[in-house]
$ cat model.cif   # mmCIF, C-alpha atoms
data_target
#
loop_
_atom_site.group_PDB
_atom_site.id
_atom_site.type_symbol
_atom_site.label_atom_id
_atom_site.label_comp_id
_atom_site.auth_asym_id
_atom_site.auth_seq_id
_atom_site.Cartn_x
_atom_site.Cartn_y
_atom_site.Cartn_z
ATOM 1 C CA MET B 1290 79.466 81.078 88.227
ATOM 2 C CA THR B 1291 76.729 83.563 89.051
ATOM 3 C CA ALA B 1292 76.761 85.762 92.125
ATOM 4 C CA ALA B 1293 73.640 84.024 93.390
ATOM 5 C CA SER B 1294 75.312 80.629 93.288
ATOM 6 C CA ARG B 1295 78.410 81.584 95.247
ATOM 7 C CA PRO B 1296 76.992 81.320 98.800
ATOM 8 C CA ALA B 1297 75.677 77.825 98.103
ATOM 9 C CA ASP B 1298 78.966 76.772 96.547
ATOM 10 C CA HIS B 1299 80.856 78.197 99.505
ATOM 11 C CA GLU B 1300 78.660 76.309 101.951
ATOM 12 C CA ARG B 1301 79.172 73.063 100.022
ATOM 13 C CA THR B 1302 82.926 73.602 100.179
ATOM 14 C CA ARG B 1303 82.704 74.364 103.903
ATOM 15 C CA ALA B 1304 80.640 71.212 104.494
ATOM 16 C CA ALA B 1305 83.092 69.060 102.532
ATOM 17 C CA VAL B 1306 86.105 70.393 104.442
ATOM 18 C CA ARG B 1307 84.274 70.050 107.762
ATOM 19 C CA THR B 1308 83.340 66.434 107.011
ATOM 20 C CA ARG B 1309 86.886 65.607 105.976
ATOM 21 C CA TYR B 1310 88.448 67.022 109.132
ATOM 22 C CA ALA B 1311 85.812 65.377 111.327
ATOM 23 C CA GLY B 1312 86.674 62.021 109.741
ATOM 24 C CA LEU B 1313 90.374 62.603 110.345
ATOM 25 C CA ALA B 1314 89.632 63.462 113.981
ATOM 26 C CA ARG B 1315 87.743 60.191 114.450
ATOM 27 C CA ALA B 1316 90.526 58.208 112.783
ATOM 28 C CA ALA B 1317 93.220 59.844 114.905
ATOM 29 C CA GLN B 1318 91.161 59.314 118.062
ATOM 30 C CA ALA B 1319 90.877 55.625 117.193
ATOM 31 C CA GLY B 1320 94.644 55.380 116.945
ATOM 32 C CA GLU B 1321 94.749 54.953 113.181
ATOM 33 C CA THR B 1322 97.716 56.275 111.229
ATOM 34 C CA VAL B 1323 96.646 59.519 109.589
ATOM 35 C CA GLN B 1324 98.661 60.668 106.609
ATOM 36 C CA ASP B 1325 97.537 64.180 105.755
ATOM 37 C CA CYS B 1326 100.738 66.107 105.145
ATOM 38 C CA ASP B 1327 100.910 66.455 101.367
ATOM 39 C CA PRO B 1328 102.580 69.854 100.758
ATOM 40 C CA ASP B 1329 100.928 70.086 97.350
ATOM 41 C CA GLU B 1330 97.437 70.118 98.823
ATOM 42 C CA SER B 1331 95.678 72.595 101.127
ATOM 43 C CA THR B 1332 95.518 70.214 104.064
ATOM 44 C CA ALA B 1333 96.359 70.103 107.753
ATOM 45 C CA GLY B 1334 99.717 68.662 108.689
ATOM 46 C CA CYS B 1335 99.194 65.700 111.048
ATOM 47 C CA PHE B 1336 97.486 67.547 113.897
ATOM 48 C CA GLY B 1337 96.321 64.592 115.961
ATOM 49 C CA PRO B 1338 92.834 64.123 117.470
ATOM 50 C CA ALA B 1339 92.551 67.521 119.173
ATOM 51 C CA GLY B 1340 93.859 69.410 116.168
ATOM 52 C CA TYR B 1341 91.584 67.745 113.651
ATOM 53 C CA ALA B 1342 88.598 68.193 115.949
ATOM 54 C CA ALA B 1343 89.433 71.907 116.244
ATOM 55 C CA LEU B 1344 89.687 72.145 112.460
ATOM 56 C CA ALA B 1345 86.272 70.542 112.031
ATOM 57 C CA ALA B 1346 84.868 73.029 114.546
ATOM 58 C CA ALA B 1347 86.500 75.965 112.774
ATOM 59 C CA TRP B 1348 84.719 75.045 109.566
ATOM 60 C CA SER B 1349 81.382 74.274 111.229
ATOM 61 C CA ILE B 1350 80.732 77.441 113.247
ATOM 62 C CA ARG B 1351 78.635 79.981 111.388
ATOM 63 C CA ARG B 1352 78.815 83.682 112.076
ATOM 64 C CA LYS B 1353 77.621 84.509 115.583
ATOM 65 C CA PRO B 1354 77.883 87.603 117.780
ATOM 66 C CA VAL B 1355 81.079 87.955 119.785
ATOM 67 C CA HIS B 1356 80.491 89.087 123.368
ATOM 68 C CA ALA B 1357 82.894 89.791 126.241
ATOM 69 C CA MET B 1358 86.013 89.311 124.162
ATOM 70 C CA ASP B 1359 89.380 89.538 125.889
ATOM 71 C CA ILE B 1360 92.960 89.438 124.647
ATOM 72 C CA GLY B 1361 95.660 87.373 126.324
ATOM 73 C CA PRO B 1362 99.067 85.842 125.651
ATOM 74 C CA MET B 1363 99.241 82.892 123.280
ATOM 75 C CA LEU B 1364 100.191 79.783 125.274
ATOM 76 C CA GLU B 1365 100.829 76.155 124.449
ATOM 77 C CA GLU B 1366 97.364 75.279 125.732
ATOM 78 C CA HIS B 1367 95.965 77.243 122.781
ATOM 79 C CA ALA B 1368 97.979 75.280 120.212
ATOM 80 C CA ALA B 1369 95.162 73.221 118.690
ATOM 81 C CA ALA B 1370 92.832 76.198 118.294
ATOM 82 C CA VAL B 1371 95.559 78.507 116.965
ATOM 83 C CA LEU B 1372 96.724 76.017 114.349
ATOM 84 C CA ALA B 1373 93.142 75.188 113.367
ATOM 85 C CA ILE B 1374 92.376 78.867 112.747
ATOM 86 C CA TYR B 1375 95.613 79.139 110.774
ATOM 87 C CA GLN B 1376 94.685 76.115 108.668
ATOM 88 C CA ALA B 1377 91.177 77.454 108.039
ATOM 89 C CA GLY B 1378 92.735 80.629 106.638
ATOM 90 C CA ILE B 1379 95.138 78.599 104.509
ATOM 91 C CA ASP B 1380 92.325 76.455 103.127
ATOM 92 C CA GLU B 1381 90.444 79.520 101.903
ATOM 93 C CA GLY B 1382 93.320 80.302 99.556
ATOM 94 C CA ASN B 1383 93.922 84.045 99.969
ATOM 95 C CA ALA B 1384 95.864 84.274 103.209
ATOM 96 C CA THR B 1385 99.318 82.840 102.547
ATOM 97 C CA PHE B 1386 101.483 80.780 100.204
ATOM 98 C CA GLU B 1387 101.657 78.095 102.896
ATOM 99 C CA THR B 1388 99.705 74.921 102.137
ATOM 100 C CA HIS B 1389 99.472 73.500 105.650
ATOM 101 C CA ALA B 1390 100.005 74.738 109.178
ATOM 102 C CA PRO B 1391 103.203 73.529 110.839
ATOM 103 C CA ALA B 1392 103.508 71.503 114.010
ATOM 104 C CA TRP B 1393 103.282 73.592 117.167
ATOM 105 C CA ALA B 1394 107.014 73.297 117.933
ATOM 106 C CA GLU B 1395 107.896 74.753 114.531
ATOM 107 C CA PHE B 1396 105.197 77.410 114.782
ATOM 108 C CA THR B 1397 106.249 78.672 118.192
ATOM 109 C CA ALA B 1398 109.983 78.583 117.445
ATOM 110 C CA ALA B 1399 109.507 80.959 114.512
ATOM 111 C CA ARG B 1400 107.597 83.632 116.479
ATOM 112 C CA LEU B 1401 108.703 86.049 119.174
ATOM 113 C CA PRO B 1402 107.329 84.946 122.566
ATOM 114 C CA ASP B 1403 106.631 88.454 123.885
ATOM 115 C CA HIS B 1404 104.415 89.580 121.010
ATOM 116 C CA ARG B 1405 101.848 86.890 120.289
ATOM 117 C CA TYR B 1406 98.271 87.042 121.473
ATOM 118 C CA ILE B 1407 94.913 85.330 121.194
ATOM 119 C CA ALA B 1408 91.403 86.747 121.322
ATOM 120 C CA ARG B 1409 88.870 84.658 123.200
ATOM 121 C CA ALA B 1410 85.267 84.705 124.330
ATOM 122 C CA GLY B 1411 83.473 82.153 126.443
ATOM 123 C CA GLY B 1412 86.514 79.911 126.415
ATOM 124 C CA ASP B 1413 86.748 79.850 122.611
ATOM 125 C CA VAL B 1414 89.778 81.169 120.741
ATOM 126 C CA LEU B 1415 88.537 83.639 118.128
ATOM 127 C CA GLY B 1416 91.814 84.621 116.510
ATOM 128 C CA TRP B 1417 95.504 85.229 116.983
ATOM 129 C CA VAL B 1418 98.335 87.578 116.087
ATOM 130 C CA ALA B 1419 102.092 86.978 116.219
ATOM 131 C CA VAL B 1420 105.342 88.385 114.872
ATOM 132 C CA SER B 1421 108.688 87.090 113.655
ATOM 133 C CA ALA B 1422 112.031 88.874 113.395
ATOM 134 C CA VAL B 1423 112.897 89.908 109.845
ATOM 135 C CA SER B 1424 116.681 89.939 110.253
ATOM 136 C CA GLY B 1425 119.479 89.091 112.651
ATOM 137 C CA ARG B 1426 121.239 92.386 111.911
ATOM 138 C CA CYS B 1427 121.080 94.881 114.757
ATOM 139 C CA VAL B 1428 120.070 97.721 112.431
ATOM 140 C CA TYR B 1429 116.759 95.905 111.839
ATOM 141 C CA ALA B 1430 116.175 94.943 115.465
ATOM 142 C CA GLY B 1431 113.071 97.116 115.560
ATOM 143 C CA VAL B 1432 111.431 95.579 112.496
ATOM 144 C CA VAL B 1433 109.112 92.556 112.675
ATOM 145 C CA GLU B 1434 106.767 90.739 110.321
ATOM 146 C CA HIS B 1435 103.323 89.856 111.601
ATOM 147 C CA SER B 1436 100.423 87.532 110.861
ATOM 148 C CA VAL B 1437 96.851 87.881 112.085
ATOM 149 C CA TYR B 1438 94.146 85.237 111.621
ATOM 150 C CA VAL B 1439 90.515 85.249 112.760
ATOM 151 C CA HIS B 1440 88.164 82.285 113.180
ATOM 152 C CA PRO B 1441 85.767 82.009 110.193
ATOM 153 C CA GLY B 1442 82.790 82.344 112.523
ATOM 154 C CA ALA B 1443 84.060 85.483 114.264
ATOM 155 C CA ARG B 1444 85.044 87.728 111.380
ATOM 156 C CA GLY B 1445 83.712 91.233 110.834
ATOM 157 C CA GLN B 1446 83.204 91.840 114.552
ATOM 158 C CA GLY B 1447 86.354 93.676 115.559
ATOM 159 C CA VAL B 1448 88.473 90.670 116.532
ATOM 160 C CA GLY B 1449 91.273 91.421 114.083
ATOM 161 C CA ARG B 1450 91.383 95.088 115.076
ATOM 162 C CA ARG B 1451 91.613 94.280 118.790
ATOM 163 C CA LEU B 1452 94.467 91.890 118.078
ATOM 164 C CA LEU B 1453 96.328 94.417 115.937
ATOM 165 C CA ASP B 1454 95.870 97.184 118.497
ATOM 166 C CA THR B 1455 97.270 94.914 121.207
ATOM 167 C CA LEU B 1456 100.213 93.987 119.022
ATOM 168 C CA ILE B 1457 100.957 97.622 118.203
ATOM 169 C CA SER B 1458 100.964 98.571 121.892
ATOM 170 C CA SER B 1459 103.131 95.589 122.790
ATOM 171 C CA THR B 1460 105.737 96.170 120.101
ATOM 172 C CA GLU B 1461 105.942 99.924 120.683
ATOM 173 C CA ALA B 1462 106.499 99.334 124.405
ATOM 174 C CA ALA B 1463 109.411 97.067 123.465
ATOM 175 C CA GLY B 1464 110.994 99.644 121.147
ATOM 176 C CA ILE B 1465 109.929 97.999 117.897
ATOM 177 C CA TRP B 1466 109.365 100.694 115.297
ATOM 178 C CA THR B 1467 108.048 98.890 112.203
ATOM 179 C CA ILE B 1468 105.532 96.094 111.732
ATOM 180 C CA GLN B 1469 105.366 94.763 108.188
ATOM 181 C CA SER B 1470 103.661 92.023 106.238
ATOM 182 C CA GLY B 1471 102.532 90.937 102.802
ATOM 183 C CA ILE B 1472 98.964 90.246 101.690
ATOM 184 C CA PHE B 1473 97.381 89.025 98.485
ATOM 185 C CA PRO B 1474 95.582 91.824 96.578
ATOM 186 C CA GLU B 1475 92.431 89.683 96.576
ATOM 187 C CA ASN B 1476 92.286 89.724 100.377
ATOM 188 C CA ALA B 1477 90.211 92.914 100.581
ATOM 189 C CA ALA B 1478 89.136 92.321 104.190
ATOM 190 C CA SER B 1479 92.738 92.132 105.378
ATOM 191 C CA ALA B 1480 93.668 95.237 103.397
ATOM 192 C CA ALA B 1481 90.800 97.212 104.962
ATOM 193 C CA LEU B 1482 91.660 95.980 108.459
ATOM 194 C CA HIS B 1483 95.268 97.048 108.147
ATOM 195 C CA ARG B 1484 94.450 100.447 106.661
ATOM 196 C CA ALA B 1485 92.170 101.122 109.630
ATOM 197 C CA ALA B 1486 94.991 100.147 112.004
ATOM 198 C CA GLY B 1487 97.411 102.624 110.423
ATOM 199 C CA PHE B 1488 99.276 100.456 107.935
ATOM 200 C CA ARG B 1489 100.280 101.872 104.564
ATOM 201 C CA THR B 1490 100.921 100.170 101.242
ATOM 202 C CA VAL B 1491 104.605 100.138 100.326
ATOM 203 C CA GLY B 1492 104.147 98.543 96.911
ATOM 204 C CA THR B 1493 103.222 95.413 95.010
ATOM 205 C CA ARG B 1494 105.591 92.564 94.260
ATOM 206 C CA GLU B 1495 104.231 91.231 90.990
ATOM 207 C CA ARG B 1496 104.123 87.497 90.256
ATOM 208 C CA ILE B 1497 106.413 86.904 93.215
ATOM 209 C CA GLY B 1498 105.444 83.283 93.846
ATOM 210 C CA GLN B 1499 103.242 80.438 92.679
ATOM 211 C CA GLN B 1500 100.316 78.981 94.572
ATOM 212 C CA HIS B 1501 98.970 75.718 93.163
ATOM 213 C CA GLY B 1502 100.495 76.554 89.790
ATOM 214 C CA ARG B 1503 99.174 80.117 89.684
ATOM 215 C CA TRP B 1504 101.399 83.210 89.909
ATOM 216 C CA ARG B 1505 100.342 85.553 92.704
ATOM 217 C CA ASP B 1506 101.111 89.197 93.483
ATOM 218 C CA VAL B 1507 101.846 90.273 97.056
ATOM 219 C CA VAL B 1508 101.123 93.739 98.441
ATOM 220 C CA VAL B 1509 103.741 94.829 100.965
ATOM 221 C CA ILE B 1510 102.318 96.801 103.907
ATOM 222 C CA GLU B 1511 103.886 98.376 106.971
ATOM 223 C CA ARG B 1512 103.156 100.472 110.022
ATOM 224 C CA ARG B 1513 105.897 102.811 111.229
ATOM 225 C CA SER B 1514 105.393 103.815 114.849
ATOM 226 C CA PRO B 1515 105.086 107.595 115.333
ATOM 227 C CA LEU B 1516 106.317 107.185 118.920
ATOM 228 C CA ILE B 1517 109.801 105.808 118.258
#

$ encode --input "model.cif" --output "structure tokens"
Amino acid sequence: MTAASRPADHERTRAAVRTRYAGLARAAQAGETVQDCDPDESTAGCFGPAGYAALAAAWSIRRKPVHAMDIGPMLEEHAAAVLAIYQAGIDEGNATFETHAPAWAEFTAARLPDHRYIARAGGDVLGWVAVSAVSGRCVYAGVVEHSVYVHPGARGQGVGRRLLDTLISSTEAAGIWTIQSGIFPENAASAALHRAAGFRTVGTRERIGQQHGRWRDVVVIERRSPLI
């Protein structure tokens, strides 16, 4: 594939995914049984009409300027948008080993309620950040693992940085001293974002897991608070 052909190929992929999710939204709205939960494919996991519609929107919005962005707590009312943004990141292939976003109940149960936020502008959710505990042992009570995802149409405009800065302030205020995560080496945008926010590279776990039959490395990153 030549460099010149990549944008066109990417847009064809985006159009195909958008069309698929739009069709699933229509089917779910009509009350049809939608089976879209194959763990071996990069698909959404039975989102229902609102979720599939949000997924179609996530893949249809082209880059546009973000104005008057604000950060607020992630609530259940944001579920469809949050999971759609998560699924869009999954579908691109360089965000996570996960193959489909979970149901909201599973998603929210796995993340700490006091440290999860959304970015929004004009009523639209632009991205989200959340953390999970890494251990039940008290010695690691101040260590969490985070995820941050930004809407495909809102990237490169400071959304991820605002979310990370909010998370850092929130966790430090709660006495949490380390935020950690793992990213694929190919995810250069995420690596740059985290470096700018004060994260360091701990090391690389080589061929740590398979994604669609391909071994992947994971770069372990962390931010140790200088205040605690």

$ resolve_selection --input "model.cif" --expression "the PyMOL selection byres ((chain B and resi 1432) around 8)" --output "list of chain:residue names"
B:Ala1422, B:Val1423, B:Tyr1429, B:Ala1430, B:Gly1431, B:Val1433, B:Glu1434, B:Ile1465, B:Trp1466, B:Thr1467, B:Ile1468, B:Gln1469

$ atom_distance --input "model.cif" --atom1 "CA of Ser1458 in chain B" --atom2 "CA of Phe1473 in chain B"
25.5 Å

$ residues_near_point --input "model.cif" --point "(102.7, 94.9, 94.4)" --cutoff "10 Å" --atoms "all atoms listed in the file" --output "CSV table (one decimal) with C-alpha atoms, in the coordinates of the input"
chain,number,residue,atom,x,y,z
B,1471,GLY,CA,102.5,90.9,102.8
B,1472,ILE,CA,99.0,90.2,101.7
B,1473,PHE,CA,97.4,89.0,98.5
B,1474,PRO,CA,95.6,91.8,96.6
B,1490,THR,CA,100.9,100.2,101.2
B,1491,VAL,CA,104.6,100.1,100.3
B,1492,GLY,CA,104.1,98.5,96.9
B,1493,THR,CA,103.2,95.4,95.0
B,1494,ARG,CA,105.6,92.6,94.3
B,1495,GLU,CA,104.2,91.2,91.0
B,1496,ARG,CA,104.1,87.5,90.3
B,1497,ILE,CA,106.4,86.9,93.2
B,1505,ARG,CA,100.3,85.6,92.7
B,1506,ASP,CA,101.1,89.2,93.5
B,1507,VAL,CA,101.8,90.3,97.1
B,1508,VAL,CA,101.1,93.7,98.4
B,1509,VAL,CA,103.7,94.8,101.0
B,1510,ILE,CA,102.3,96.8,103.9

$ resolve_selection --input "model.cif" --expression "the PyMOL selection byres ((chain B and resi 1358-1372) around 7)" --output "list in words"
Ala1339, Gly1340, Ala1343, Val1355, His1356, Ala1357, Ala1373, Ile1374, Tyr1375, Gln1376, Ala1390, Trp1393, Arg1405, Tyr1406, Ile1407, Ala1408, Arg1409, Ala1410, Val1414 and Trp1417 of chain B

$ atom_distance --input "model.cif" --atom1 "CA of Ile1517 in chain B" --atom2 "CA of Gly1425 in chain B"
20.1 Å

$ closest_residue --input "model.cif" --among "B:Gly1502, B:Pro1441, B:Gly1449, B:Gly1416" --to "His1483 in chain B" --atoms "only C-alpha atoms"
B:Gly1449

$ atom_distance --input "model.cif" --atom1 "CA of Arg1450 in chain B" --atom2 "CA of Val1428 in chain B"
28.9 Å

$ closest_residue --input "model.cif" --among "B:Glu1511, B:Ala1463, B:Gly1498, B:Leu1415" --to "Arg1484 in chain B" --atoms "only C-alpha atoms"
B:Glu1511

$ closest_residue --input "model.cif" --among "B:Val1418, B:His1440, B:Thr1385, B:Glu1475" --to "Leu1452 in chain B" --atoms "only C-alpha atoms"
B:Val1418

$ closest_residue --input "model.cif" --among "B:Asn1476, B:Thr1397, B:Arg1513, B:Arg1503" --to "Thr1460 in chain B" --atoms "all atoms listed in the file"
B:Arg1513

$ closest_residue --input "model.cif" --among "B:Ser1424, B:Ser1470, B:Thr1388, B:Ser1459" --to "Arg1512 in chain B" --atoms "only C-alpha atoms"
B:Ser1470

$ closest_residue --input "model.cif" --among "B:Ala1477, B:Ala1486, B:Gly1464, B:Cys1427" --to "Gly1447 in chain B" --atoms "all atoms listed in the file"
B:Ala1486
